[in-house]
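So this block is coords.txt, compact mmCIF, C-alpha atoms and all ligand atoms:
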```
# COMPACT_ATOMS: atom_id res chain seq x y z
CA MET J 7 86.64 91.44 89.73
CA TYR J 8 87.82 94.57 88.03
CA LEU J 9 87.03 97.02 85.27
CA SER J 10 89.38 96.80 82.30
CA ARG J 11 87.88 99.64 80.28
CA ILE J 12 85.51 102.46 81.13
CA GLN J 13 83.77 104.82 78.74
CA VAL J 14 82.00 107.93 80.00
CA GLN J 15 79.99 110.33 77.90
CA SER J 16 78.32 113.63 78.85
CA LEU J 17 78.47 113.18 82.61
CA ARG J 18 78.80 116.60 84.26
CA ILE J 19 82.12 118.13 83.16
CA VAL J 20 83.25 114.87 81.52
CA ASP J 21 82.57 115.16 77.83
CA SER J 22 83.89 111.91 76.43
CA GLU J 23 86.42 109.71 78.18
CA ASN J 24 87.89 106.31 77.59
CA LEU J 25 90.00 104.84 80.43
CA GLU J 26 91.98 101.67 80.78
CA PRO J 27 92.46 101.40 84.51
CA SER J 28 94.80 99.16 86.46
CA PRO J 29 93.22 96.11 88.16
CA HIS J 30 94.87 97.37 91.36
CA LEU J 31 95.22 100.96 92.53
CA ASN J 32 94.13 103.87 90.35
CA LEU J 33 95.11 107.28 91.62
CA ILE J 34 93.16 110.21 90.22
CA THR J 35 94.45 113.71 90.82
CA GLY J 36 93.37 117.12 89.61
CA ALA J 37 92.37 120.57 90.82
CA ASN J 38 89.04 121.33 92.49
CA GLY J 39 86.23 121.13 89.97
CA SER J 40 88.30 119.21 87.40
CA GLY J 41 86.02 116.17 87.38
CA LYS J 42 87.56 113.61 89.76
CA SER J 43 84.38 112.88 91.71
CA SER J 44 82.47 112.80 88.43
CA LEU J 45 84.64 109.87 87.29
CA LEU J 46 83.92 107.98 90.50
CA GLU J 47 80.26 108.86 90.08
CA ALA J 48 80.35 107.28 86.61
CA ILE J 49 81.62 103.97 88.01
CA TYR J 50 79.14 104.14 90.89
CA LEU J 51 76.32 104.64 88.38
CA LEU J 52 77.33 101.42 86.65
CA GLY J 53 77.20 99.43 89.86
CA MET J 54 74.27 101.07 91.61
CA GLY J 55 72.18 102.60 88.85
CA ARG J 56 72.18 105.94 90.66
CA SER J 57 74.58 108.64 91.76
CA PHE J 58 76.00 109.10 95.26
CA ARG J 59 75.37 112.84 94.97
CA THR J 60 71.97 113.37 93.46
CA ARG J 61 68.74 111.61 92.59
CA ARG J 62 68.13 113.98 89.67
CA ASN J 63 69.33 112.74 86.32
CA SER J 64 69.22 116.27 84.94
CA GLU J 65 71.99 117.37 87.32
CA LEU J 66 74.23 114.54 86.15
CA ILE J 67 73.75 115.00 82.42
CA GLN J 68 76.16 117.48 80.92
CA ARG J 69 74.55 120.87 80.38
CA GLY J 70 73.25 121.13 76.83
CA GLU J 71 73.17 117.34 76.31
CA GLU J 72 70.17 115.04 76.34
CA LYS J 73 71.68 111.93 77.83
CA LEU J 74 74.70 110.52 79.58
CA CYS J 75 76.23 107.09 78.95
CA VAL J 76 78.66 105.01 80.95
CA SER J 77 79.84 101.58 79.89
CA ALA J 78 82.59 99.29 81.05
CA THR J 79 84.03 95.83 80.68
CA VAL J 80 83.97 93.85 83.92
CA VAL J 81 86.51 91.05 84.22
CA ALA J 82 85.66 88.32 86.72
CA ASP J 83 88.35 86.41 88.64
CA THR J 84 87.70 83.50 86.26
CA GLY J 85 88.71 85.78 83.37
CA GLU J 86 85.15 85.95 82.06
CA ARG J 87 84.22 89.35 80.61
CA GLN J 88 80.92 91.16 80.61
CA VAL J 89 79.98 94.57 79.23
CA LEU J 90 77.74 96.76 81.39
CA GLY J 91 76.12 99.94 80.23
CA ILE J 92 73.87 102.62 81.65
CA GLU J 93 72.23 105.48 79.83
CA LYS J 94 70.24 108.24 81.50
CA THR J 95 68.02 110.91 80.05
CA SER J 96 66.35 113.42 82.35
CA ARG J 97 63.40 111.08 82.74
CA ALA J 98 64.56 107.52 82.11
CA THR J 99 67.35 105.08 82.82
CA ARG J 100 68.35 102.28 80.46
CA ILE J 101 70.53 99.44 81.61
CA ARG J 102 72.33 96.89 79.48
CA ILE J 103 74.13 93.84 80.80
CA GLY J 104 75.95 91.57 78.37
CA GLY J 105 74.00 93.04 75.46
CA LYS J 106 70.56 92.56 77.08
CA ASN J 107 68.22 95.29 78.30
CA MET J 108 67.51 95.15 82.03
CA TRP J 109 64.97 97.08 84.04
CA ASN J 110 66.29 96.65 87.49
CA ALA J 111 69.28 98.48 88.95
CA SER J 112 69.86 95.60 91.36
CA SER J 113 71.00 93.42 88.47
CA LEU J 114 73.82 95.93 87.94
CA ALA J 115 74.90 95.56 91.56
CA GLN J 116 75.08 91.80 91.12
CA SER J 117 77.33 92.19 88.09
CA LEU J 118 79.46 94.93 89.62
CA PRO J 119 79.57 95.29 93.41
CA VAL J 120 80.92 98.76 94.19
CA MET J 121 81.57 100.45 97.49
CA ALA J 122 82.03 104.20 97.74
CA ILE J 123 83.90 105.75 100.65
CA LEU J 124 83.18 109.47 100.61
CA PRO J 125 84.07 112.26 103.04
CA ASP J 126 80.56 111.84 104.53
CA SER J 127 81.24 108.16 105.16
CA LEU J 128 83.75 109.17 107.83
CA GLY J 129 80.75 109.96 110.03
CA VAL J 130 80.03 106.25 110.34
CA VAL J 131 81.66 106.22 113.78
CA THR J 132 80.46 109.48 115.30
CA GLY J 133 77.46 110.37 113.14
CA SER J 134 73.87 109.15 112.98
CA ALA J 135 72.83 105.50 112.87
CA GLU J 136 71.52 105.96 109.34
CA LEU J 137 75.02 105.70 107.88
CA ARG J 138 75.71 102.53 109.84
CA ARG J 139 72.41 101.03 108.68
CA SER J 140 73.16 101.82 105.06
CA LEU J 141 76.50 100.05 105.42
CA MET J 142 74.72 97.00 106.92
CA ASP J 143 72.20 97.07 104.09
CA TRP J 144 74.94 97.32 101.47
CA ALA J 145 76.65 94.21 102.87
CA LEU J 146 73.43 92.24 103.32
CA PHE J 147 72.24 93.12 99.83
CA HIS J 148 75.34 91.45 98.43
CA VAL J 149 75.55 88.43 100.70
CA LYS J 150 71.87 87.56 101.01
CA PRO J 151 69.78 87.20 97.84
CA GLY J 152 66.27 88.49 98.48
CA TYR J 153 67.39 90.99 101.12
CA LEU J 154 66.60 94.07 99.04
CA SER J 155 63.09 92.97 98.23
CA VAL J 156 62.29 92.21 101.90
CA LEU J 157 63.82 95.56 102.92
CA GLN J 158 61.65 97.38 100.39
CA SER J 159 58.51 95.54 101.52
CA TYR J 160 59.36 96.35 105.13
CA LYS J 161 59.86 100.05 104.40
CA GLN J 162 56.62 100.22 102.49
CA ALA J 163 54.65 98.53 105.29
CA LEU J 164 56.30 100.85 107.79
CA ARG J 165 55.27 103.94 105.81
CA GLN J 166 51.67 102.71 105.76
CA ARG J 167 51.69 101.99 109.49
CA ASN J 168 53.14 105.44 110.23
CA ALA J 169 50.57 107.14 108.00
CA LEU J 170 47.78 105.31 109.82
CA LEU J 171 49.22 106.22 113.23
CA ARG J 172 49.30 109.88 112.25
CA GLN J 173 45.68 109.74 111.10
CA GLY J 174 44.73 108.20 114.46
CA GLY J 175 43.60 105.00 112.73
CA GLY J 176 43.45 101.61 114.37
CA GLY J 177 41.47 98.40 114.31
CA VAL J 178 41.80 95.85 111.55
CA ALA J 179 43.74 98.17 109.22
CA LEU J 180 46.45 98.81 111.81
CA GLU J 181 46.55 95.14 112.76
CA SER J 182 47.18 94.14 109.19
CA TRP J 183 50.09 96.59 108.84
CA ASP J 184 51.48 95.47 112.20
CA GLU J 185 51.39 91.96 110.85
CA ARG J 186 53.41 92.91 107.75
CA VAL J 187 55.87 95.16 109.58
CA GLY J 188 56.34 92.38 112.14
CA GLU J 189 56.89 89.67 109.56
CA PHE J 190 59.24 91.49 107.19
CA GLY J 191 61.08 93.08 110.11
CA GLN J 192 61.65 89.75 111.78
CA VAL J 193 63.15 88.35 108.57
CA LEU J 194 65.47 91.37 108.14
CA HIS J 195 66.58 91.01 111.74
CA SER J 196 67.32 87.31 111.46
CA TRP J 197 69.49 87.86 108.36
CA ARG J 198 71.31 90.81 109.86
CA ALA J 199 71.97 88.87 113.06
CA GLU J 200 73.18 85.84 111.13
CA TYR J 201 75.49 87.61 108.69
CA LEU J 202 76.74 90.61 110.64
CA ASP J 203 78.06 88.37 113.39
CA ASP J 204 80.56 87.01 110.87
CA ALA J 205 81.74 90.51 109.94
CA GLU J 206 82.81 91.20 113.55
CA GLY J 207 86.15 89.43 113.30
CA VAL J 208 86.98 91.19 110.04
CA VAL J 209 86.33 94.60 111.62
CA ARG J 210 88.50 93.66 114.59
CA GLY J 211 91.35 92.76 112.25
CA PHE J 212 91.14 95.93 110.15
CA SER J 213 90.79 98.26 113.13
CA ASP J 214 93.77 96.60 114.75
CA ARG J 215 95.88 97.03 111.63
CA LEU J 216 94.86 100.63 110.97
CA LEU J 217 94.39 102.00 114.48
CA GLY J 218 96.33 99.62 116.64
CA ILE J 219 93.12 99.00 118.62
CA PRO J 220 90.92 95.97 117.97
CA VAL J 221 87.39 97.33 117.86
CA ASP J 222 84.34 95.17 118.39
CA ILE J 223 81.33 95.92 116.27
CA ARG J 224 78.03 94.58 117.51
CA TYR J 225 74.71 94.59 115.74
CA ARG J 226 71.77 96.06 117.69
CA PRO J 227 68.37 95.04 116.26
CA GLY J 228 66.30 98.19 116.95
CA TRP J 229 64.17 96.65 119.72
CA SER J 230 64.88 94.25 122.55
CA ALA J 231 64.82 91.18 120.38
CA ASP J 232 64.20 88.74 123.22
CA ILE J 233 60.57 89.35 122.27
CA SER J 234 59.11 89.15 118.76
CA LEU J 235 58.84 92.36 116.75
CA LYS J 236 55.09 91.77 116.58
CA LEU J 237 54.85 91.88 120.37
CA ALA J 238 57.19 94.87 120.57
CA LEU J 239 54.93 96.72 118.13
CA GLU J 240 51.89 95.98 120.28
CA ARG J 241 53.67 97.20 123.39
CA SER J 242 54.89 100.40 121.79
CA LEU J 243 51.54 101.29 120.24
CA ASP J 244 50.69 104.10 122.68
CA ALA J 245 54.10 105.70 122.37
CA ASP J 246 54.01 105.27 118.58
CA ARG J 247 50.61 106.95 118.39
CA ARG J 248 51.86 109.92 120.37
CA ARG J 249 54.88 110.30 118.12
CA GLY J 250 53.10 109.48 114.91
CA SER J 251 55.83 107.02 113.96
CA THR J 252 57.05 103.53 114.73
CA THR J 253 59.71 103.50 117.45
CA VAL J 254 60.74 99.83 117.29
CA GLY J 255 62.03 97.69 114.43
CA PRO J 256 64.96 97.16 112.05
CA HIS J 257 64.73 100.79 110.85
CA ARG J 258 66.08 101.68 114.31
CA ALA J 259 68.92 99.12 114.22
CA ASP J 260 72.47 100.20 114.84
CA LEU J 261 76.03 98.98 115.08
CA GLU J 262 77.68 99.48 118.44
CA LEU J 263 81.43 100.04 118.54
CA SER J 264 83.47 99.16 121.59
CA SER J 265 86.94 98.31 122.70
CA GLY J 266 87.77 96.45 125.87
CA GLY J 267 84.07 96.51 126.74
CA LEU J 268 83.79 100.32 126.55
CA SER J 269 82.06 102.27 123.82
CA VAL J 270 84.58 103.99 121.56
CA ARG J 271 82.26 106.84 120.57
CA GLY J 272 83.39 109.98 122.33
CA ARG J 273 86.72 108.39 123.30
CA LEU J 274 88.49 108.69 119.98
CA SER J 275 90.17 111.76 118.56
CA ARG J 276 88.70 113.10 115.34
CA GLY J 277 91.52 111.59 113.33
CA GLU J 278 91.15 108.22 115.04
CA ALA J 279 87.39 108.23 114.44
CA LYS J 280 88.03 108.83 110.73
CA LEU J 281 90.58 106.04 110.59
CA LEU J 282 88.18 103.69 112.34
CA ALA J 283 85.49 104.65 109.84
CA VAL J 284 87.83 103.71 106.99
CA ALA J 285 88.69 100.44 108.76
CA ILE J 286 84.99 99.56 109.06
CA PHE J 287 84.29 100.26 105.39
CA LEU J 288 87.33 98.29 104.23
CA ALA J 289 86.39 95.43 106.56
CA TYR J 290 82.88 95.26 105.13
CA ALA J 291 84.27 95.30 101.59
CA GLN J 292 86.60 92.44 102.50
CA TYR J 293 83.81 90.56 104.26
CA VAL J 294 81.53 90.80 101.23
CA ALA J 295 84.39 89.74 98.93
CA GLU J 296 84.98 86.62 101.02
CA ARG J 297 81.29 85.78 101.25
CA ILE J 298 80.34 86.15 97.60
CA GLY J 299 83.70 85.22 96.12
CA ARG J 300 83.85 88.46 94.11
CA LYS J 301 85.82 91.52 95.12
CA PRO J 302 83.90 94.80 95.07
CA VAL J 303 85.43 97.77 93.28
CA LEU J 304 86.27 100.53 95.76
CA LEU J 305 85.72 104.20 95.03
CA ILE J 306 87.43 106.50 97.50
CA ASP J 307 86.85 110.22 97.14
CA ASP J 308 88.95 112.92 98.76
CA LEU J 309 89.89 110.85 101.77
CA ALA J 310 93.63 111.23 101.75
CA ALA J 311 93.36 114.89 102.72
CA GLU J 312 91.37 113.93 105.82
CA LEU J 313 94.18 111.87 107.34
CA ASP J 314 97.63 112.89 108.58
CA GLU J 315 100.70 111.57 106.82
CA ASN J 316 101.21 108.58 109.07
CA ASN J 317 97.61 107.45 108.95
CA ARG J 318 97.47 108.06 105.21
CA ARG J 319 100.44 105.78 104.72
CA ARG J 320 98.89 103.03 106.81
CA PHE J 321 95.60 103.39 105.01
CA LEU J 322 97.22 103.20 101.57
CA ASP J 323 99.30 100.21 102.68
CA VAL J 324 96.28 98.28 103.88
CA LEU J 325 94.40 99.24 100.75
CA SER J 326 97.05 97.99 98.36
CA GLY J 327 97.35 94.77 100.37
CA MET J 328 93.68 93.95 99.78
CA GLY J 329 94.23 93.00 96.14
CA ILE J 330 91.12 94.78 94.93
CA GLN J 331 90.57 97.42 92.29
CA VAL J 332 90.51 100.87 93.83
CA PHE J 333 89.86 104.31 92.36
CA ILE J 334 91.07 106.98 94.74
CA THR J 335 91.05 110.73 94.23
CA ALA J 336 93.03 113.61 95.70
CA SER J 337 93.49 117.22 94.71
CA GLU J 338 97.27 116.93 95.06
CA SER J 339 99.43 114.01 93.96
CA ARG J 340 101.65 114.23 97.07
CA LEU J 341 98.68 113.01 99.13
CA LEU J 342 98.81 109.71 97.31
CA GLU J 343 102.58 109.43 97.08
CA ALA J 344 102.72 106.48 99.47
CA ALA J 345 100.56 104.45 97.10
CA HIS J 346 103.02 104.40 94.21
CA SER J 347 104.06 100.85 93.52
CA ALA J 348 104.10 98.34 90.71
CA GLY J 349 100.63 97.93 89.25
CA THR J 350 99.49 101.41 90.28
CA ALA J 351 98.08 103.67 87.58
CA MET J 352 97.95 107.40 87.93
CA PHE J 353 95.54 109.69 86.10
CA HIS J 354 95.41 113.44 85.97
CA VAL J 355 92.15 115.26 85.29
CA GLU J 356 91.87 118.75 83.84
CA ARG J 357 88.52 120.34 82.98
CA GLY J 358 86.92 116.93 82.59
CA ALA J 359 89.66 115.45 80.42
CA THR J 360 91.69 112.61 81.91
CA CYS J 361 95.16 111.52 80.90
CA ARG J 362 97.22 108.68 82.25
CA VAL J 363 100.42 109.91 83.84
CA VAL J 364 101.95 106.61 85.00
N1 LIG W 1 75.47 118.91 84.63
C1 LIG W 1 76.67 119.48 84.53
N2 LIG W 1 77.13 119.91 83.32
C2 LIG W 1 78.35 120.47 83.20
N3 LIG W 1 79.20 120.63 84.23
C3 LIG W 1 78.79 120.24 85.45
C4 LIG W 1 77.52 119.65 85.66
N4 LIG W 1 77.40 119.32 86.97
C5 LIG W 1 78.54 119.71 87.55
N5 LIG W 1 79.39 120.26 86.65
C6 LIG W 1 80.75 120.76 86.89
O1 LIG W 1 81.62 119.66 86.91
C7 LIG W 1 82.80 120.05 87.57
C8 LIG W 1 83.46 118.84 88.17
O2 LIG W 1 82.93 118.48 89.39
P1 LIG W 1 83.59 117.34 90.30
O3 LIG W 1 82.80 117.34 91.53
O4 LIG W 1 83.71 116.08 89.54
O5 LIG W 1 85.05 117.92 90.55
P2 LIG W 1 86.22 117.39 91.51
O6 LIG W 1 87.43 117.23 90.66
O7 LIG W 1 85.77 116.21 92.25
O8 LIG W 1 86.42 118.64 92.48
P3 LIG W 1 86.78 118.70 94.04
O9 LIG W 1 88.27 118.54 94.15
O10 LIG W 1 86.37 120.08 94.41
O11 LIG W 1 86.03 117.65 94.75
C9 LIG W 1 82.41 121.20 88.49
O12 LIG W 1 83.12 122.34 88.10
C10 LIG W 1 80.94 121.40 88.23
O13 LIG W 1 80.58 122.75 88.19
MG MG W 2 85.39 115.91 94.25
```
Can you present the structure in this file as structure tokens?
Amino acid sequence: MYLSRIQVQSLRIVDSENLEPSPHLNLITGANGSGKSSLLEAIYLLGMGRSFRTRRNSELIQRGEEKLCVSATVVADTGERQVLGIEKTSRATRIRIGGKNMWNASSLAQSLPVMAILPDSLGVVTGSAELRRSLMDWALFHVKPGYLSVLQSYKQALRQRNALLRQGGGGVALESWDERVGEFGQVLHSWRAEYLDDAEGVVRGFSDRLLGIPVDIRYRPGWSADISLKLALERSLDADRRRGSTTVGPHRADLELSSGGLSVRGRLSRGEAKLLAVAIFLAYAQYVAERIGRKPVLLIDDLAAELDENNRRRFLDVLSGMGIQVFITASESRLLEAAHSAGTAMFHVERGATCRVV
């Protein structure tokens, strides 16, 4: 799927913009502070209902304005078109899909799967497990209907259990939260185990193409899953009480990266770790596309500058071979030179105003 038209109004520095992007690569260049990330943020808002930079609507809305609006036409592979819109005031969000009001941001994600690869995303290899979990959750949300609601129920039960642990509570109240954490957690685990196994081969392929090293990615559940989560919770109760938080469960899950049986963390150069991070993100995007039969739109911010010329070329090559719509930013056009080919559109942004160059 791809966006054939995007309208942005009063989002940060972007006053009023109307873009007709290419279904393939869209290169966005401009000086620091010109509004490149704001354009990606606009598209992300349409797919996710929220920004990748802030949870506060008031920061997103252009100073002096009351609301921001983003709308776009999404074209499915079947040729079917649908108009999506999102409007935010400082206190409320309004969503429209195909002319109907919607209340749930997850309906946007179903109409427009988007994946953002940001400079922070490069920490997916060397950084904390949280990034890896959010990537898992992104993929599972798209491939498994119902995943988000179970994840939310799990997190809520976990918060209650942790609060009770901190208050030194126990008895029936704790048992009932253990029951819920155990049940929802077991469901999350079974879905992650089932679906993430299939993503392994895709990650191997992408890491091989980008890095020249096939990397194995293995899902780790967050407890030794040869026993039920319920039992693991019982066994960890003393430790959990001391810490005032739950030490076992899907909120502690991780993805382990190895090559030739050895962990790759700590063995890769900084540049290689970044390239592997990109490979993992692209692999997950590809995996989701294959699973749901719809290609996510990729938003890639400021990444070209993080890679050397050789790696940048490989990355842009792989990207253009994926046949998906990509919006990629860089402060200088030379960083994206290798991506110029038929079907590539180039935009230049200056003080929030965008014009198509090629
Ligand atoms: N609510 C707002 N109202 C008006 N302008 C804003 C608002 N929020 C941010 N800005 C401005 O918008 C500008 C564009 O920011 P943006 O992050 O999109 O730039 P960029 O092109 O991605 O820059 P960089 O190359 O540094 O990443 C910044 O100068 C910022 O000060
Ligand atoms: Mg930026």
Query raised in the report: Skipping near chain neighbours, those fewer than 5 positions away, what residues fall within 12 Å of J:Leu137 using only C-alpha atoms, listed as a VMD selection string?
Result: chain J and resid 123 to 124 126 to 132 142 to 144 257 to 261 283 286 to 287
Any chance you could export the current selection's C-alpha atoms as an mmCIF file, in the coordinates of the input?
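The result, stored in result_10.cif:
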```
data_model
loop_
_atom_site.group_PDB
_atom_site.id
_atom_site.type_symbol
_atom_site.label_atom_id
_atom_site.label_comp_id
_atom_site.auth_asym_id
_atom_site.auth_seq_id
_atom_site.Cartn_x
_atom_site.Cartn_y
_atom_site.Cartn_z
ATOM 1 C CA ILE J 123 83.900 105.750 100.650
ATOM 2 C CA LEU J 124 83.180 109.470 100.610
ATOM 3 C CA ASP J 126 80.560 111.840 104.530
ATOM 4 C CA SER J 127 81.240 108.160 105.160
ATOM 5 C CA LEU J 128 83.750 109.170 107.830
ATOM 6 C CA GLY J 129 80.750 109.960 110.030
ATOM 7 C CA VAL J 130 80.030 106.250 110.340
ATOM 8 C CA VAL J 131 81.660 106.220 113.780
ATOM 9 C CA THR J 132 80.460 109.480 115.300
ATOM 10 C CA MET J 142 74.720 97.000 106.920
ATOM 11 C CA ASP J 143 72.200 97.070 104.090
ATOM 12 C CA TRP J 144 74.940 97.320 101.470
ATOM 13 C CA HIS J 257 64.730 100.790 110.850
ATOM 14 C CA ARG J 258 66.080 101.680 114.310
ATOM 15 C CA ALA J 259 68.920 99.120 114.220
ATOM 16 C CA ASP J 260 72.470 100.200 114.840
ATOM 17 C CA LEU J 261 76.030 98.980 115.080
ATOM 18 C CA ALA J 283 85.490 104.650 109.840
ATOM 19 C CA ILE J 286 84.990 99.560 109.060
ATOM 20 C CA PHE J 287 84.290 100.260 105.390
#
```
Report task. For ligand MG 2 (chain W), list the contacting residues at 10 Å or closer, counting all atoms listed in the file, as a list of chain:residue names. Result -> J:Thr35, J:Gly36, J:Ala37, J:Asn38, J:Gly39, J:Ser40, J:Gly41, J:Lys42, J:Ser43, J:Ser44, J:Leu45, J:Leu46, J:Glu47, J:Leu124, J:Pro125, J:Asp307, J:Asp308, J:Thr335, J:Ala336, J:Ser337
Query - Neighbours of point (71.3, 92.3, 100.9) within 12 Å, using all atoms listed in the file, written as a ChimeraX atom specification - result: /J:112,115-116,119,139-158,193-195,197-198,201-202,294,297-298
**Report entry** Atomic separation - atom CA of J:Phe190 relative to atom CA of J:Val208, Å
**Finding:** 27.9 Å
**Report entry** Selected residue, from J:Val120, J:Ile101, J:Ala231, J:Leu243, that lies nearest to J:Gly175 when counting all atoms listed in the file
**Finding:**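 Checking each candidate against J:Gly175, we get J:Leu243 as the closest.
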Query raised in the report: Looking at all atoms listed in the file, which of J:Ile306, J:Gln162, J:Val363, J:Ser265 is the one that sits closest to ligand LIG 1 (chain W)?
Result: J:Ile306
Close residues, stretch 15-19 of chain J itself excluded, 6 Å, all atoms listed in the file, min 4 positions apart in chain, as a PDB file with C-alpha atoms, keeping the file's coordinate frame:
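part-v1.pdb written:
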```pdb
ATOM      1  CA  LEU J  66      74.230 114.540  86.150  1.00  0.00           C
ATOM      2  CA  ILE J  67      73.750 115.000  82.420  1.00  0.00           C
ATOM      3  CA  GLN J  68      76.160 117.480  80.920  1.00  0.00           C
ATOM      4  CA  LEU J  74      74.700 110.520  79.580  1.00  0.00           C
ATOM      5  CA  CYS J  75      76.230 107.090  78.950  1.00  0.00           C
ATOM      6  CA  GLY J 358      86.920 116.930  82.590  1.00  0.00           C
TER       7      GLY J 358
END
```
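In this model, the gap between atom CA of J:Pro256 and atom CA of J:Leu51 comes to 27.3 Å.
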Query raised in the report: Which one is closest to J:Leu239: J:Val254, J:Ile334, J:Leu118, J:Ala311? Count all atoms listed in the file.
Result: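 Counting all atoms listed in the file, the residue closest to J:Leu239 is J:Val254.
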Since fewer atoms than expected are present, regenerate N, CA, C and O atoms for stretch 324-337 of chain J and write them as a tab-separated table (two decimals), in the coordinates of the input.
```tsv
chain	number	residue	atom	x	y	z
J	324	VAL	N	97.33	99.28	103.68
J	324	VAL	CA	96.28	98.28	103.88
J	324	VAL	C	95.48	98.11	102.60
J	324	VAL	O	95.19	97.01	102.16
J	325	LEU	N	95.18	99.24	101.98
J	325	LEU	CA	94.40	99.24	100.75
J	325	LEU	C	95.10	98.44	99.65
J	325	LEU	O	94.49	97.60	99.00
J	326	SER	N	96.39	98.69	99.46
J	326	SER	CA	97.05	97.99	98.36
J	326	SER	C	97.23	96.51	98.68
J	326	SER	O	97.32	95.69	97.79
J	327	GLY	N	97.23	96.18	99.99
J	327	GLY	CA	97.35	94.77	100.37
J	327	GLY	C	96.07	93.98	100.15
J	327	GLY	O	96.07	92.75	100.25
J	328	MET	N	94.96	94.66	99.90
J	328	MET	CA	93.68	93.95	99.78
J	328	MET	C	93.49	93.27	98.43
J	328	MET	O	92.59	92.45	98.26
J	329	GLY	N	94.32	93.64	97.46
J	329	GLY	CA	94.23	93.00	96.14
J	329	GLY	C	92.93	93.27	95.43
J	329	GLY	O	92.41	92.40	94.72
J	330	ILE	N	92.36	94.46	95.64
J	330	ILE	CA	91.12	94.78	94.93
J	330	ILE	C	91.35	96.01	94.07
J	330	ILE	O	92.33	96.74	94.26
J	331	GLN	N	90.43	96.23	93.14
J	331	GLN	CA	90.57	97.42	92.29
J	331	GLN	C	90.04	98.64	93.05
J	331	GLN	O	88.93	98.61	93.58
J	332	VAL	N	90.88	99.68	93.08
J	332	VAL	CA	90.51	100.87	93.83
J	332	VAL	C	90.68	102.10	92.93
J	332	VAL	O	91.67	102.19	92.19
J	333	PHE	N	89.73	103.01	93.01
J	333	PHE	CA	89.86	104.31	92.36
J	333	PHE	C	89.87	105.33	93.49
J	333	PHE	O	88.91	105.42	94.25
J	334	ILE	N	90.95	106.06	93.61
J	334	ILE	CA	91.07	106.98	94.74
J	334	ILE	C	91.47	108.37	94.25
J	334	ILE	O	92.38	108.49	93.43
J	335	THR	N	90.78	109.38	94.70
J	335	THR	CA	91.05	110.73	94.23
J	335	THR	C	91.74	111.59	95.28
J	335	THR	O	91.61	111.33	96.47
J	336	ALA	N	92.46	112.59	94.81
J	336	ALA	CA	93.03	113.61	95.70
J	336	ALA	C	93.31	114.84	94.86
J	336	ALA	O	93.57	114.74	93.66
J	337	SER	N	93.24	116.01	95.49
J	337	SER	CA	93.49	117.22	94.71
J	337	SER	C	94.99	117.39	94.43
J	337	SER	O	95.37	118.03	93.46
```
